[in-house]
Amino acid sequence: MESPTRYTHVRSRKRPWLAVALAVVVPGLGHIYLGHYKKGLFYLVAAGGLEFIGFDLDLTAIGAALGIPMGLGGFGLWAHGVYDAWKLAKLQERYYYTNP
């Protein structure tokens, strides 16, 4: 588990439900809302890239030969991003209430 002392720069309370809602709408947006810009950009580029490559491969012989939707990688990364945004928001919320 990450140490709460890492978040000494937290200035305002961030709402976990809003971080999750933003992450559901756009991969990485929940992390950007929480102030984790690099991680948010990673989720945005990686999930978007995997979806784009997955859709492109689905239209080729490779996608047909594999028989599975190649976009599942992007979906899995998006789902993990939603969970991670919630986890980070809860950690920051805990720190906010213990060190106002």
# chains A, B, ... in the order shown; residues from 1 in each chain; ligands from 1
call {"tool": "residues_around", "arguments": {"residues": "region 25-27 of chain A", "least_positions_apart": "3", "cutoff": "12 Å", "atoms": "only C-alpha atoms", "output": "PyMOL selection string"}}
result
chain A and resi 18-22+30-33+39-51+74-85
call {"tool": "write_last_selection", "arguments": {"atoms": "N, CA and C atoms", "output": "compact mmCIF listing (two decimals), in the first residue's frame"}}
result
# COMPACT_ATOMS: atom_id res chain seq x y z
N LEU A 18 -16.57 11.33 -8.14
CA LEU A 18 -16.32 12.15 -9.32
C LEU A 18 -15.10 11.63 -10.09
N ALA A 19 -14.08 11.19 -9.37
CA ALA A 19 -12.90 10.61 -10.03
C ALA A 19 -13.29 9.37 -10.82
N VAL A 20 -14.15 8.53 -10.25
CA VAL A 20 -14.60 7.32 -10.94
C VAL A 20 -15.46 7.69 -12.14
N ALA A 21 -16.37 8.64 -11.98
CA ALA A 21 -17.23 9.05 -13.09
C ALA A 21 -16.41 9.59 -14.25
N LEU A 22 -15.41 10.40 -13.95
CA LEU A 22 -14.55 10.95 -15.00
C LEU A 22 -13.75 9.84 -15.68
N GLY A 30 -9.95 10.65 -14.60
CA GLY A 30 -10.04 10.59 -13.14
C GLY A 30 -8.70 10.84 -12.48
N HIS A 31 -7.63 10.31 -13.07
CA HIS A 31 -6.28 10.52 -12.53
C HIS A 31 -5.87 11.99 -12.70
N ILE A 32 -6.22 12.58 -13.83
CA ILE A 32 -5.89 13.99 -14.04
C ILE A 32 -6.63 14.85 -13.03
N TYR A 33 -7.88 14.54 -12.75
CA TYR A 33 -8.67 15.25 -11.73
C TYR A 33 -8.00 15.16 -10.36
N LYS A 39 0.16 9.64 -14.90
CA LYS A 39 -0.59 8.39 -14.92
C LYS A 39 -1.87 8.55 -15.75
N GLY A 40 -2.51 9.69 -15.65
CA GLY A 40 -3.71 9.94 -16.44
C GLY A 40 -3.42 9.95 -17.93
N LEU A 41 -2.32 10.59 -18.30
CA LEU A 41 -1.93 10.62 -19.71
C LEU A 41 -1.59 9.22 -20.20
N PHE A 42 -0.94 8.42 -19.35
CA PHE A 42 -0.63 7.05 -19.73
C PHE A 42 -1.91 6.27 -20.03
N TYR A 43 -2.89 6.32 -19.11
CA TYR A 43 -4.14 5.58 -19.33
C TYR A 43 -4.86 6.07 -20.58
N LEU A 44 -4.85 7.37 -20.81
CA LEU A 44 -5.52 7.93 -21.98
C LEU A 44 -4.87 7.42 -23.27
N VAL A 45 -3.55 7.51 -23.35
CA VAL A 45 -2.84 7.11 -24.57
C VAL A 45 -2.86 5.57 -24.74
N ALA A 46 -2.60 4.86 -23.65
CA ALA A 46 -2.51 3.39 -23.75
C ALA A 46 -3.86 2.76 -24.07
N ALA A 47 -4.90 3.14 -23.35
CA ALA A 47 -6.22 2.55 -23.61
C ALA A 47 -6.72 2.96 -24.99
N GLY A 48 -6.53 4.22 -25.34
CA GLY A 48 -6.95 4.67 -26.66
C GLY A 48 -6.17 3.98 -27.76
N GLY A 49 -4.87 3.83 -27.56
CA GLY A 49 -4.04 3.15 -28.56
C GLY A 49 -4.40 1.69 -28.71
N LEU A 50 -4.64 1.01 -27.60
CA LEU A 50 -5.03 -0.40 -27.68
C LEU A 50 -6.37 -0.57 -28.37
N GLU A 51 -7.30 0.33 -28.12
CA GLU A 51 -8.59 0.26 -28.79
C GLU A 51 -8.43 0.51 -30.29
N GLY A 74 -7.69 -2.89 -24.51
CA GLY A 74 -8.04 -1.52 -24.16
C GLY A 74 -9.14 -1.46 -23.12
N PHE A 75 -10.11 -2.36 -23.24
CA PHE A 75 -11.19 -2.41 -22.25
C PHE A 75 -10.66 -2.79 -20.87
N GLY A 76 -9.75 -3.77 -20.83
CA GLY A 76 -9.16 -4.19 -19.55
C GLY A 76 -8.36 -3.07 -18.91
N LEU A 77 -7.60 -2.34 -19.71
CA LEU A 77 -6.83 -1.23 -19.18
C LEU A 77 -7.74 -0.11 -18.71
N TRP A 78 -8.82 0.15 -19.42
CA TRP A 78 -9.80 1.15 -19.02
C TRP A 78 -10.43 0.76 -17.67
N ALA A 79 -10.82 -0.51 -17.53
CA ALA A 79 -11.43 -0.98 -16.28
C ALA A 79 -10.44 -0.85 -15.12
N HIS A 80 -9.18 -1.18 -15.36
CA HIS A 80 -8.17 -1.03 -14.32
C HIS A 80 -7.98 0.44 -13.96
N GLY A 81 -8.04 1.31 -14.94
CA GLY A 81 -7.91 2.74 -14.68
C GLY A 81 -9.02 3.28 -13.81
N VAL A 82 -10.24 2.79 -14.02
CA VAL A 82 -11.38 3.20 -13.19
C VAL A 82 -11.14 2.76 -11.75
N TYR A 83 -10.73 1.51 -11.56
CA TYR A 83 -10.45 1.01 -10.21
C TYR A 83 -9.30 1.79 -9.57
N ASP A 84 -8.24 2.05 -10.31
CA ASP A 84 -7.09 2.75 -9.76
C ASP A 84 -7.45 4.19 -9.38
N ALA A 85 -8.28 4.86 -10.17
CA ALA A 85 -8.72 6.21 -9.84
C ALA A 85 -9.51 6.21 -8.54
call {"tool": "atom_distance", "arguments": {"atom1": "CA of Leu91 (chain A)", "atom2": "CA of Val24 (chain A)"}}
result
19.0 Å
call {"tool": "atom_distance", "arguments": {"atom1": "CA of Arg15 (chain A)", "atom2": "CA of Lys38 (chain A)"}}
result
19.8 Å
call {"tool": "residues_around", "arguments": {"residues": "Lys14 (chain A)", "least_positions_apart": "6", "cutoff": "7 Å", "atoms": "only C-alpha atoms", "output": "list in words"}}
result
Leu34, Ala89 and Glu93 of chain A
